[in-house]
>>> print(open('query-v6.pdb').read())   # PDB, C-alpha atoms
ATOM      1  CA  MET A   1     131.422-217.022 -39.350
ATOM      2  CA  LYS A   2     131.997-220.043 -37.114
ATOM      3  CA  LYS A   3     132.548-217.833 -34.075
ATOM      4  CA  LEU A   4     129.305-215.972 -34.806
ATOM      5  CA  LYS A   5     127.374-219.246 -34.974
ATOM      6  CA  GLU A   6     128.877-220.361 -31.667
ATOM      7  CA  LEU A   7     127.935-217.030 -30.109
ATOM      8  CA  LEU A   8     124.344-217.335 -31.283
ATOM      9  CA  GLU A   9     124.043-220.799 -29.753
ATOM     10  CA  LYS A  10     125.049-219.664 -26.229
ATOM     11  CA  LYS A  11     122.190-219.229 -23.735
ATOM     12  CA  TRP A  12     123.545-216.038 -22.190
ATOM     13  CA  PHE A  13     123.463-214.376 -25.608
ATOM     14  CA  ALA A  14     119.752-215.198 -26.024
ATOM     15  CA  TYR A  15     118.956-213.868 -22.528
ATOM     16  CA  THR A  16     120.964-210.695 -23.158
ATOM     17  CA  PHE A  17     119.209-210.128 -26.462
ATOM     18  CA  ALA A  18     115.762-210.638 -24.884
ATOM     19  CA  ALA A  19     116.553-208.232 -22.009
ATOM     20  CA  SER A  20     117.871-205.604 -24.414
ATOM     21  CA  PHE A  21     114.793-205.938 -26.580
ATOM     22  CA  ALA A  22     112.538-205.511 -23.510
ATOM     23  CA  VAL A  23     114.351-202.314 -22.528
ATOM     24  CA  ILE A  24     114.083-200.931 -26.052
ATOM     25  CA  LEU A  25     110.378-201.774 -26.165
ATOM     26  CA  TYR A  26     109.792-200.020 -22.818
ATOM     27  CA  VAL A  27     111.593-196.897 -24.010
ATOM     28  CA  MET A  28     109.542-196.876 -27.221
ATOM     29  CA  LEU A  29     106.235-197.181 -25.348
ATOM     30  CA  THR A  30     107.124-194.431 -22.856
ATOM     31  CA  HIS A  31     108.318-192.057 -25.588
ATOM     32  CA  PHE A  32     105.731-192.944 -28.204
ATOM     33  CA  GLU A  33     105.331-189.473 -29.776
ATOM     34  CA  GLY A  34     109.061-188.909 -30.096
ATOM     35  CA  ILE A  35     109.546-192.389 -31.548
ATOM     36  CA  GLY A  36     106.751-191.684 -34.034
ATOM     37  CA  ASN A  37     108.439-188.463 -35.165
ATOM     38  CA  PHE A  38     111.725-190.324 -35.486
ATOM     39  CA  PHE A  39     110.213-193.020 -37.660
ATOM     40  CA  ALA A  40     108.448-190.385 -39.805
ATOM     41  CA  ALA A  41     111.757-188.624 -40.401
ATOM     42  CA  PHE A  42     113.473-191.963 -40.959
ATOM     43  CA  LYS A  43     110.823-192.921 -43.517
ATOM     44  CA  ASN A  44     111.426-189.718 -45.471
ATOM     45  CA  VAL A  45     115.143-190.491 -45.575
ATOM     46  CA  VAL A  46     114.893-194.158 -46.578
ATOM     47  CA  SER A  47     111.933-193.789 -48.994
ATOM     48  CA  PRO A  48     114.202-193.236 -52.053
ATOM     49  CA  VAL A  49     116.299-196.240 -51.021
ATOM     50  CA  ILE A  50     113.251-198.487 -50.667
ATOM     51  CA  CYS A  51     111.932-197.154 -53.980
ATOM     52  CA  GLY A  52     115.295-197.928 -55.600
ATOM     53  CA  ILE A  53     115.291-201.493 -54.249
ATOM     54  CA  ILE A  54     111.767-202.102 -55.574
ATOM     55  CA  LEU A  55     112.581-200.647 -59.005
ATOM     56  CA  ALA A  56     115.793-202.658 -59.207
ATOM     57  CA  TYR A  57     113.874-205.814 -58.284
ATOM     58  CA  LEU A  58     111.278-205.151 -60.997
ATOM     59  CA  MET A  59     113.875-204.317 -63.673
ATOM     60  CA  ASN A  60     116.172-207.208 -62.795
ATOM     61  CA  PRO A  61     114.296-209.878 -64.861
ATOM     62  CA  LEU A  62     114.579-207.680 -67.952
ATOM     63  CA  ALA A  63     118.297-207.120 -67.320
ATOM     64  CA  ASN A  64     118.799-210.874 -66.847
ATOM     65  CA  TYR A  65     117.019-211.531 -70.146
ATOM     66  CA  PHE A  66     119.247-209.110 -72.068
ATOM     67  CA  GLU A  67     122.361-210.439 -70.367
ATOM     68  CA  ARG A  68     121.442-214.006 -71.271
ATOM     69  CA  LYS A  69     119.913-213.577 -74.742
ATOM     70  CA  TRP A  70     121.474-210.458 -76.271
ATOM     71  CA  PHE A  71     124.933-210.305 -74.730
ATOM     72  CA  GLY A  72     125.488-213.960 -73.874
ATOM     73  CA  ARG A  73     128.393-214.272 -76.321
ATOM     74  CA  ILE A  74     130.449-211.595 -74.574
ATOM     75  CA  LYS A  75     133.044-213.453 -72.511
ATOM     76  CA  LYS A  76     133.734-210.758 -69.922
ATOM     77  CA  GLU A  77     130.979-211.041 -67.324
ATOM     78  CA  LYS A  78     131.267-207.461 -66.065
ATOM     79  CA  SER A  79     130.929-205.997 -69.575
ATOM     80  CA  ARG A  80     128.016-208.302 -70.345
ATOM     81  CA  HIS A  81     126.191-207.296 -67.174
ATOM     82  CA  SER A  82     126.861-203.551 -67.671
ATOM     83  CA  LEU A  83     125.512-203.637 -71.233
ATOM     84  CA  ALA A  84     122.381-205.457 -70.031
ATOM     85  CA  VAL A  85     121.773-202.847 -67.308
ATOM     86  CA  VAL A  86     122.288-199.937 -69.725
ATOM     87  CA  THR A  87     119.904-201.515 -72.251
ATOM     88  CA  THR A  88     117.273-202.103 -69.558
ATOM     89  CA  VAL A  89     117.495-198.532 -68.275
ATOM     90  CA  LEU A  90     117.240-197.073 -71.796
ATOM     91  CA  ILE A  91     114.191-199.203 -72.624
ATOM     92  CA  VAL A  92     112.449-198.219 -69.377
ATOM     93  CA  ILE A  93     113.162-194.513 -69.981
ATOM     94  CA  VAL A  94     111.926-194.694 -73.590
ATOM     95  CA  ALA A  95     108.768-196.544 -72.489
ATOM     96  CA  ILE A  96     108.025-193.923 -69.808
ATOM     97  CA  VAL A  97     108.607-191.031 -72.239
ATOM     98  CA  LEU A  98     106.368-192.604 -74.888
ATOM     99  CA  LEU A  99     103.682-193.244 -72.292
ATOM    100  CA  PHE A 100     103.746-189.629 -71.132
ATOM    101  CA  VAL A 101     103.815-188.235 -74.672
ATOM    102  CA  ALA A 102     100.934-190.445 -75.778
ATOM    103  CA  LEU A 103      98.657-190.230 -72.740
ATOM    104  CA  VAL A 104      99.395-187.278 -70.472
ATOM    105  CA  PRO A 105      98.424-184.426 -72.900
ATOM    106  CA  SER A 106      95.149-186.119 -73.835
ATOM    107  CA  MET A 107      94.397-186.880 -70.183
ATOM    108  CA  ILE A 108      95.019-183.237 -69.212
ATOM    109  CA  ASP A 109      92.760-182.089 -72.059
ATOM    110  CA  SER A 110      90.043-184.501 -70.926
ATOM    111  CA  ILE A 111      90.192-183.292 -67.319
ATOM    112  CA  THR A 112      90.173-179.638 -68.435
ATOM    113  CA  VAL A 113      87.148-180.153 -70.685
ATOM    114  CA  LEU A 114      85.357-182.131 -67.982
ATOM    115  CA  VAL A 115      85.774-179.374 -65.377
ATOM    116  CA  SER A 116      84.980-176.512 -67.768
ATOM    117  CA  ASN A 117      81.824-178.209 -69.073
ATOM    118  CA  ALA A 118      80.623-179.273 -65.609
ATOM    119  CA  PRO A 119      77.799-176.663 -65.404
ATOM    120  CA  SER A 120      76.283-177.714 -68.741
ATOM    121  CA  TYR A 121      76.672-181.385 -67.823
ATOM    122  CA  LEU A 122      74.832-180.784 -64.556
ATOM    123  CA  GLU A 123      72.051-178.915 -66.355
ATOM    124  CA  ASN A 124      71.611-181.766 -68.854
ATOM    125  CA  LEU A 125      71.613-184.279 -66.019
ATOM    126  CA  ALA A 126      68.995-182.257 -64.130
ATOM    127  CA  ASN A 127      66.776-182.236 -67.226
ATOM    128  CA  TYR A 128      67.218-185.974 -67.561
ATOM    129  CA  PHE A 129      66.198-186.466 -63.921
ATOM    130  CA  ASP A 130      63.143-184.259 -64.508
ATOM    131  CA  LYS A 131      62.024-186.486 -67.380
ATOM    132  CA  ILE A 132      62.452-189.629 -65.297
ATOM    133  CA  ALA A 133      60.584-188.072 -62.353
ATOM    134  CA  GLY A 134      57.781-187.001 -64.721
ATOM    135  CA  ASN A 135      57.425-190.499 -66.157
ATOM    136  CA  LEU A 136      57.381-192.024 -62.674
ATOM    137  CA  SER A 137      54.739-189.559 -61.475
ATOM    138  CA  LYS A 138      52.427-190.733 -64.264
ATOM    139  CA  ILE A 139      52.340-194.184 -62.672
ATOM    140  CA  GLY A 140      51.871-192.810 -59.163
ATOM    141  CA  ILE A 141      55.507-192.818 -57.947
ATOM    142  CA  ASP A 142      56.806-189.629 -56.336
ATOM    143  CA  ALA A 143      60.553-189.378 -57.072
ATOM    144  CA  SER A 144      60.933-185.659 -56.386
ATOM    145  CA  ASN A 145      62.857-186.184 -53.130
ATOM    146  CA  ILE A 146      65.297-188.597 -54.798
ATOM    147  CA  GLU A 147      65.769-186.198 -57.705
ATOM    148  CA  LYS A 148      66.365-183.277 -55.339
ATOM    149  CA  SER A 149      68.936-185.164 -53.253
ATOM    150  CA  LEU A 150      70.826-186.331 -56.356
ATOM    151  CA  GLU A 151      70.970-182.827 -57.795
ATOM    152  CA  GLU A 152      72.098-181.345 -54.470
ATOM    153  CA  SER A 153      74.840-183.968 -54.166
ATOM    154  CA  LEU A 154      76.166-183.334 -57.669
ATOM    155  CA  TYR A 155      76.029-179.547 -57.390
ATOM    156  CA  GLY A 156      77.616-179.725 -53.951
ATOM    157  CA  PHE A 157      80.441-181.857 -55.316
ATOM    158  CA  PHE A 158      81.350-179.394 -58.054
ATOM    159  CA  GLU A 159      80.891-176.365 -55.790
ATOM    160  CA  THR A 160      83.488-177.745 -53.365
ATOM    161  CA  ILE A 161      86.167-177.951 -56.074
ATOM    162  CA  PRO A 162      87.205-174.242 -55.823
ATOM    163  CA  ASP A 163      87.112-174.429 -52.019
ATOM    164  CA  ASN A 164      89.455-177.409 -52.037
ATOM    165  CA  MET A 165      92.150-175.889 -54.241
ATOM    166  CA  GLY A 166      94.384-175.636 -51.171
ATOM    167  CA  LYS A 167      94.125-179.395 -50.744
ATOM    168  CA  VAL A 168      94.851-179.842 -54.439
ATOM    169  CA  LEU A 169      97.991-177.718 -54.082
ATOM    170  CA  SER A 170      99.143-179.641 -51.007
ATOM    171  CA  THR A 171      98.493-182.874 -52.868
ATOM    172  CA  SER A 172     100.528-181.539 -55.792
ATOM    173  CA  VAL A 173     103.414-180.831 -53.420
ATOM    174  CA  SER A 174     103.117-184.378 -52.073
ATOM    175  CA  VAL A 175     103.091-185.751 -55.617
ATOM    176  CA  GLY A 176     106.164-183.651 -56.409
ATOM    177  CA  SER A 177     107.937-185.110 -53.394
ATOM    178  CA  SER A 178     106.962-188.601 -54.490
ATOM    179  CA  LEU A 179     108.272-187.909 -57.997
ATOM    180  CA  PHE A 180     111.552-186.700 -56.491
ATOM    181  CA  ASN A 181     111.814-189.924 -54.470
ATOM    182  CA  LEU A 182     110.999-191.870 -57.618
ATOM    183  CA  VAL A 183     113.745-190.150 -59.625
ATOM    184  CA  VAL A 184     116.310-190.661 -56.853
ATOM    185  CA  GLY A 185     115.107-194.238 -56.438
ATOM    186  CA  PHE A 186     115.519-194.846 -60.168
ATOM    187  CA  ILE A 187     119.117-193.606 -60.003
ATOM    188  CA  LEU A 188     119.767-195.838 -56.984
ATOM    189  CA  ALA A 189     118.152-198.749 -58.829
ATOM    190  CA  ILE A 190     120.806-198.436 -61.529
ATOM    191  CA  TYR A 191     123.515-198.739 -58.887
ATOM    192  CA  PHE A 192     121.740-201.665 -57.257
ATOM    193  CA  LEU A 193     121.446-203.452 -60.610
ATOM    194  CA  THR A 194     125.078-202.775 -61.449
ATOM    195  CA  GLY A 195     126.352-204.108 -58.120
ATOM    196  CA  LYS A 196     123.712-206.768 -57.515
ATOM    197  CA  GLU A 197     126.254-209.627 -57.422
ATOM    198  CA  SER A 198     128.139-207.934 -54.579
ATOM    199  CA  PHE A 199     124.881-207.378 -52.663
ATOM    200  CA  LYS A 200     123.819-210.985 -53.220
ATOM    201  CA  ALA A 201     127.200-212.306 -52.111
ATOM    202  CA  GLY A 202     127.077-210.246 -48.920
ATOM    203  CA  PHE A 203     123.534-211.390 -48.172
ATOM    204  CA  ARG A 204     124.553-215.012 -48.749
ATOM    205  CA  ARG A 205     127.443-214.660 -46.295
ATOM    206  CA  LEU A 206     125.101-213.169 -43.689
ATOM    207  CA  ARG A 207     122.599-215.998 -44.079
ATOM    208  CA  HIS A 208     125.372-218.595 -43.902
ATOM    209  CA  ALA A 209     126.544-217.001 -40.654
ATOM    210  CA  ILE A 210     123.088-217.156 -39.084
ATOM    211  CA  LEU A 211     121.625-220.389 -40.487
ATOM    212  CA  THR A 212     122.754-223.986 -40.491
ATOM    213  CA  ASP A 213     123.580-225.565 -43.853
ATOM    214  CA  LYS A 214     120.279-227.453 -43.931
ATOM    215  CA  ALA A 215     118.232-224.377 -42.985
ATOM    216  CA  TYR A 216     120.167-222.322 -45.540
ATOM    217  CA  ALA A 217     119.292-224.767 -48.332
ATOM    218  CA  THR A 218     115.633-224.880 -47.275
ATOM    219  CA  HIS A 219     115.316-221.105 -47.052
ATOM    220  CA  THR A 220     117.091-220.619 -50.376
ATOM    221  CA  ALA A 221     114.683-222.973 -52.177
ATOM    222  CA  PHE A 222     111.682-221.357 -50.503
ATOM    223  CA  TRP A 223     112.624-217.767 -51.344
ATOM    224  CA  LYS A 224     113.627-218.728 -54.878
ATOM    225  CA  LYS A 225     110.156-220.156 -55.462
ATOM    226  CA  CYS A 226     108.532-217.064 -53.904
ATOM    227  CA  HIS A 227     110.635-214.835 -56.150
ATOM    228  CA  GLU A 228     109.618-216.739 -59.294
ATOM    229  CA  ILE A 229     105.923-216.613 -58.410
ATOM    230  CA  LEU A 230     106.000-212.922 -57.443
ATOM    231  CA  ILE A 231     107.826-211.802 -60.591
ATOM    232  CA  ARG A 232     105.471-213.778 -62.812
ATOM    233  CA  TYR A 233     102.435-212.496 -60.968
ATOM    234  CA  ILE A 234     103.526-208.835 -61.243
ATOM    235  CA  GLY A 235     104.470-209.193 -64.913
ATOM    236  CA  TYR A 236     101.264-210.844 -65.999
ATOM    237  CA  ASP A 237      99.078-208.701 -63.772
ATOM    238  CA  VAL A 238     100.511-205.643 -65.577
ATOM    239  CA  LEU A 239      99.957-207.400 -68.920
ATOM    240  CA  ASP A 240      96.362-208.182 -67.959
ATOM    241  CA  GLY A 241      95.731-204.555 -66.935
ATOM    242  CA  PHE A 242      97.253-203.354 -70.221
ATOM    243  CA  ILE A 243      95.023-205.699 -72.239
ATOM    244  CA  VAL A 244      91.889-204.559 -70.383
ATOM    245  CA  GLY A 245      92.804-200.879 -70.831
ATOM    246  CA  VAL A 246      93.455-201.270 -74.575
ATOM    247  CA  VAL A 247      90.230-203.244 -75.153
ATOM    248  CA  ASN A 248      88.314-200.615 -73.179
ATOM    249  CA  ALA A 249      89.809-197.845 -75.375
ATOM    250  CA  ILE A 250      88.901-199.736 -78.565
ATOM    251  CA  LEU A 251      85.294-200.208 -77.467
ATOM    252  CA  MET A 252      85.004-196.564 -76.399
ATOM    253  CA  PHE A 253      86.206-195.526 -79.862
ATOM    254  CA  ALA A 254      83.745-197.956 -81.458
ATOM    255  CA  PHE A 255      80.771-196.558 -79.504
ATOM    256  CA  GLY A 256      81.919-192.942 -79.799
ATOM    257  CA  LEU A 257      82.227-192.307 -76.063
ATOM    258  CA  PRO A 258      84.132-189.227 -74.804
ATOM    259  CA  TYR A 259      87.181-189.086 -72.518
ATOM    260  CA  LYS A 260      88.680-192.255 -73.998
ATOM    261  CA  PRO A 261      92.308-191.864 -72.812
ATOM    262  CA  LEU A 262      91.364-190.738 -69.298
ATOM    263  CA  ILE A 263      88.822-193.494 -68.622
ATOM    264  CA  SER A 264      90.865-196.224 -70.326
ATOM    265  CA  VAL A 265      93.921-195.417 -68.190
ATOM    266  CA  ILE A 266      91.744-195.430 -65.054
ATOM    267  CA  VAL A 267      90.228-198.798 -66.009
ATOM    268  CA  GLY A 268      93.625-200.331 -66.832
ATOM    269  CA  VAL A 269      95.298-199.107 -63.638
ATOM    270  CA  THR A 270      92.448-200.050 -61.302
ATOM    271  CA  ASN A 271      92.319-203.490 -62.923
ATOM    272  CA  LEU A 272      95.711-204.149 -61.289
ATOM    273  CA  LEU A 273      94.029-203.987 -57.881
ATOM    274  CA  PRO A 274      92.712-207.386 -56.796
ATOM    275  CA  THR A 275      88.987-208.075 -56.333
ATOM    276  CA  PHE A 276      87.591-204.533 -56.066
ATOM    277  CA  GLY A 277      89.827-202.797 -58.625
ATOM    278  CA  PRO A 278      87.544-203.386 -61.662
ATOM    279  CA  PHE A 279      84.517-202.130 -59.693
ATOM    280  CA  ILE A 280      86.378-198.942 -58.764
ATOM    281  CA  GLY A 281      87.364-198.330 -62.408
ATOM    282  CA  ALA A 282      83.806-198.972 -63.601
ATOM    283  CA  ALA A 283      82.368-196.622 -60.966
ATOM    284  CA  ILE A 284      84.755-193.754 -61.806
ATOM    285  CA  GLY A 285      84.240-194.170 -65.563
ATOM    286  CA  SER A 286      80.461-194.314 -65.165
ATOM    287  CA  PHE A 287      80.430-191.195 -62.992
ATOM    288  CA  ILE A 288      82.383-189.223 -65.605
ATOM    289  CA  LEU A 289      80.177-190.410 -68.470
ATOM    290  CA  VAL A 290      76.855-189.969 -66.681
ATOM    291  CA  LEU A 291      77.604-186.244 -66.450
ATOM    292  CA  VAL A 292      77.826-186.094 -70.243
ATOM    293  CA  ASP A 293      74.969-188.457 -71.091
ATOM    294  CA  PRO A 294      73.468-191.235 -68.926
ATOM    295  CA  MET A 295      73.201-193.455 -71.999
ATOM    296  CA  TYR A 296      77.000-193.246 -72.404
ATOM    297  CA  ALA A 297      77.366-194.503 -68.845
ATOM    298  CA  LEU A 298      74.932-197.364 -69.511
ATOM    299  CA  VAL A 299      76.808-198.445 -72.655
ATOM    300  CA  PHE A 300      80.107-198.205 -70.766
ATOM    301  CA  LEU A 301      78.812-200.353 -67.902
ATOM    302  CA  ILE A 302      77.489-203.007 -70.283
ATOM    303  CA  PHE A 303      80.726-203.531 -72.197
ATOM    304  CA  THR A 304      82.758-203.190 -68.970
ATOM    305  CA  LEU A 305      80.810-206.139 -67.540
ATOM    306  CA  VAL A 306      81.543-208.094 -70.727
ATOM    307  CA  ILE A 307      85.256-207.224 -70.545
ATOM    308  CA  GLN A 308      85.483-208.235 -66.880
ATOM    309  CA  PHE A 309      83.610-211.472 -67.548
ATOM    310  CA  VAL A 310      86.019-212.430 -70.351
ATOM    311  CA  ASP A 311      89.013-211.272 -68.296
ATOM    312  CA  GLY A 312      87.961-213.085 -65.133
ATOM    313  CA  TYR A 313      86.849-216.368 -66.671
ATOM    314  CA  LEU A 314      89.164-216.721 -69.689
ATOM    315  CA  ILE A 315      92.238-214.477 -69.669
ATOM    316  CA  LYS A 316      93.260-214.583 -65.993
ATOM    317  CA  PRO A 317      92.928-218.367 -65.567
ATOM    318  CA  LYS A 318      95.141-218.864 -68.633
ATOM    319  CA  LEU A 319      97.725-216.276 -67.618
ATOM    320  CA  PHE A 320      98.017-217.005 -63.920
ATOM    321  CA  GLY A 321      97.261-220.716 -64.093
ATOM    322  CA  GLY A 322      99.811-221.871 -66.647
ATOM    323  CA  LEU A 323     102.544-219.468 -65.638
ATOM    324  CA  LEU A 324     102.316-219.985 -61.883
ATOM    325  CA  GLY A 325     102.218-223.739 -62.193
ATOM    326  CA  VAL A 326      98.643-223.945 -60.905
ATOM    327  CA  PRO A 327      95.837-225.649 -62.901
ATOM    328  CA  ASP A 328      93.409-223.296 -64.664
ATOM    329  CA  ALA A 329      90.488-224.763 -62.701
ATOM    330  CA  PHE A 330      92.081-223.813 -59.354
ATOM    331  CA  ILE A 331      92.628-220.221 -60.528
ATOM    332  CA  LEU A 332      89.016-220.026 -61.727
ATOM    333  CA  ILE A 333      87.738-221.396 -58.414
ATOM    334  CA  SER A 334      89.862-218.890 -56.451
ATOM    335  CA  ILE A 335      88.511-215.999 -58.580
ATOM    336  CA  VAL A 336      84.920-217.124 -57.949
ATOM    337  CA  VAL A 337      85.584-217.450 -54.200
TER     338      VAL A 337
END
>>> encode(input="query-v6.pdb", output="structure tokens")
Amino acid sequence: MKKLKELLEKKWFAYTFAASFAVILYVMLTHFEGIGNFFAAFKNVVSPVICGIILAYLMNPLANYFERKWFGRIKKEKSRHSLAVVTTVLIVIVAIVLLFVALVPSMIDSITVLVSNAPSYLENLANYFDKIAGNLSKIGIDASNIEKSLEESLYGFFETIPDNMGKVLSTSVSVGSSLFNLVVGFILAIYFLTGKESFKAGFRRLRHAILTDKAYATHTAFWKKCHEILIRYIGYDVLDGFIVGVVNAILMFAFGLPYKPLISVIVGVTNLLPTFGPFIGAAIGSFILVLVDPMYALVFLIFTLVIQFVDGYLIKPKLFGGLLGVPDAFILISIVV
């Protein structure tokens, strides 16, 4: 390690590294297409590994909790850690299975019914537009062009669905590839969790070799704080999306709106996206409901605005403020900005 530090401090090493980097950069720019193909192939190879690292990082807090709280009395560290990893993996698998069993069949049924009933929905919507255009014409407003363009857009959208089945199939193949990467990544995540102490020790040795003791301490404190904030943010962002999705489902049941599982999942997932996520979820849900009955879409938009108001001004400041160590007022101000 000492020899490596001495090597890094020599001027000739820095000049050699800079010259080598310049040559590599020149080769990349002059062979851009070939380099692009190489990186595309490289991405396909390392995607499961990256996926495994991310999954291991997300499951690690849960494994640490079980290791500390459930198996803390076991003296042998290796046994304690292995039991925590096994428990974490089993809980994640059970949660995924329950989620699929509870939601996927109803979501598939909703999509099937939506597509099969599309012609009748469009006819009802056309009649609704006719009524609105008739009422507007009574007060001297000609809305026939707007009505015609809306109807053409909707009919055109549904007519393109059969023509785009090839794209749907190619997308399905892409999704299948992603699922394969996810499964392989999940298996790798188990190995990463099991051997995380070895990985951490190796990374610590590398950082010690590159950094001075003072820089090492500073970087360690910085990345530790970043890790704590990121894990808390991800955890409570998922919790917030889950709360919004469940409340949305309850209100849809209360008002008797159709496609409850499909729209509630869309709203919950899009709520994870910052700033524009809730608007995307509201737009998709409204589009689905307006095909059935425009009044359903209006009711949905009204209680969605209420949910987002409560979420943005009450729930999120409490969750992200107290748990990230930032005052609630600062979180509220940042949301408004």
>>> atom_distance(input="query-v6.pdb", atom1="CA of Tyr216 in chain A", atom2="CA of Asn60 in chain A")
23.3 Å
>>> closest_residue(input="query-v6.pdb", among="A:Leu314, A:Phe255, A:Ile108, A:Pro274", to="Ala297 in chain A", atoms="all atoms listed in the file")
A:Phe255
>>> closest_residue(input="query-v6.pdb", among="A:Val45, A:Thr194, A:Trp70, A:Leu188", to="Val86 in chain A", atoms="all atoms listed in the file")
A:Thr194
>>> closest_residue(input="query-v6.pdb", among="A:Ala215, A:Leu273, A:Met59, A:Leu257", to="Asp293 in chain A", atoms="only C-alpha atoms")
A:Leu257
>>> residues_around(input="query-v6.pdb", residues="range 50-53 of chain A", least_positions_apart="5", cutoff="6 Å", atoms="only C-alpha atoms", output="PDB file with C-alpha atoms, in the coordinates of the input")
ATOM      1  CA  GLY A 185     115.107-194.238 -56.438  1.00  0.00           C
ATOM      2  CA  PHE A 186     115.519-194.846 -60.168  1.00  0.00           C
ATOM      3  CA  LEU A 188     119.767-195.838 -56.984  1.00  0.00           C
ATOM      4  CA  ALA A 189     118.152-198.749 -58.829  1.00  0.00           C
TER       5      ALA A 189
END
>>> resolve_selection(input="query-v6.pdb", expression="the PyMOL selection byres ((chain A and resi 187) around 10)", output="PyMOL selection string")
chain A and resi 48-49+52+55-56+89+181-186+188-192
>>> residues_around(input="query-v6.pdb", residues="Ala84 in chain A", least_positions_apart="6", cutoff="7 Å", atoms="only C-alpha atoms", output="PyMOL selection string")
chain A and resi 63+66-67
>>> closest_residue(input="query-v6.pdb", among="A:Thr87, A:Lys78, A:Asp213, A:Phe300", to="Tyr65 in chain A", atoms="all atoms listed in the file")
A:Thr87
>>> axis_aligned_box(input="query-v6.pdb", around="range 237-252 of chain A", padding_each_side="6 Å", output="JSON")
{"center_x": 92.8, "center_y": -202.6, "center_z": -71.2, "size_x": 27.5, "size_y": 24.1, "size_z": 26.8}
>>> resolve_selection(input="query-v6.pdb", expression="the PyMOL selection byres ((chain A and resi 304) around 10)", output="compact mmCIF listing (two decimals) with C-alpha atoms, in the coordinates of the input")
# COMPACT_ATOMS: atom_id res chain seq x y z
CA VAL A 244 91.89 -204.56 -70.38
CA VAL A 247 90.23 -203.24 -75.15
CA ASN A 248 88.31 -200.62 -73.18
CA LEU A 251 85.29 -200.21 -77.47
CA VAL A 267 90.23 -198.80 -66.01
CA PRO A 278 87.54 -203.39 -61.66
CA PHE A 279 84.52 -202.13 -59.69
CA GLY A 281 87.36 -198.33 -62.41
CA ALA A 282 83.81 -198.97 -63.60
CA GLY A 285 84.24 -194.17 -65.56
CA SER A 286 80.46 -194.31 -65.17
CA LEU A 298 74.93 -197.36 -69.51
CA VAL A 299 76.81 -198.44 -72.66
CA PHE A 300 80.11 -198.20 -70.77
CA LEU A 301 78.81 -200.35 -67.90
CA ILE A 302 77.49 -203.01 -70.28
CA PHE A 303 80.73 -203.53 -72.20
CA LEU A 305 80.81 -206.14 -67.54
CA VAL A 306 81.54 -208.09 -70.73
CA ILE A 307 85.26 -207.22 -70.54
CA GLN A 308 85.48 -208.24 -66.88
CA PHE A 309 83.61 -211.47 -67.55
CA VAL A 310 86.02 -212.43 -70.35
>>> resolve_selection(input="query-v6.pdb", expression="the PyMOL selection byres ((chain A and resi 207) around 12)", output="number ranges by chain")
A: 1, 4-5, 200-206, 208-220
>>> write_last_selection(input="query-v6.pdb", atoms="C-alpha atoms", output="compact mmCIF listing (two decimals), keeping the file's coordinate frame")
# COMPACT_ATOMS: atom_id res chain seq x y z
CA MET A 1 131.42 -217.02 -39.35
CA LEU A 4 129.30 -215.97 -34.81
CA LYS A 5 127.37 -219.25 -34.97
CA LYS A 200 123.82 -210.98 -53.22
CA ALA A 201 127.20 -212.31 -52.11
CA GLY A 202 127.08 -210.25 -48.92
CA PHE A 203 123.53 -211.39 -48.17
CA ARG A 204 124.55 -215.01 -48.75
CA ARG A 205 127.44 -214.66 -46.30
CA LEU A 206 125.10 -213.17 -43.69
CA HIS A 208 125.37 -218.60 -43.90
CA ALA A 209 126.54 -217.00 -40.65
CA ILE A 210 123.09 -217.16 -39.08
CA LEU A 211 121.62 -220.39 -40.49
CA THR A 212 122.75 -223.99 -40.49
CA ASP A 213 123.58 -225.56 -43.85
CA LYS A 214 120.28 -227.45 -43.93
CA ALA A 215 118.23 -224.38 -42.98
CA TYR A 216 120.17 -222.32 -45.54
CA ALA A 217 119.29 -224.77 -48.33
CA THR A 218 115.63 -224.88 -47.28
CA HIS A 219 115.32 -221.10 -47.05
CA THR A 220 117.09 -220.62 -50.38
>>> atom_distance(input="query-v6.pdb", atom1="CA of Tyr259 in chain A", atom2="CA of Ile315 in chain A")
26.0 Å
>>> residues_around(input="query-v6.pdb", residues="Val246 in chain A", least_positions_apart="2", cutoff="12 Å", atoms="only C-alpha atoms", output="PyMOL selection string")
chain A and resi 239-244+248-253+260-269+271+307
>>> closest_residue(input="query-v6.pdb", among="A:Tyr236, A:Asp109, A:Ala221, A:Gly256", to="Met295 in chain A", atoms="only C-alpha atoms")
A:Gly256
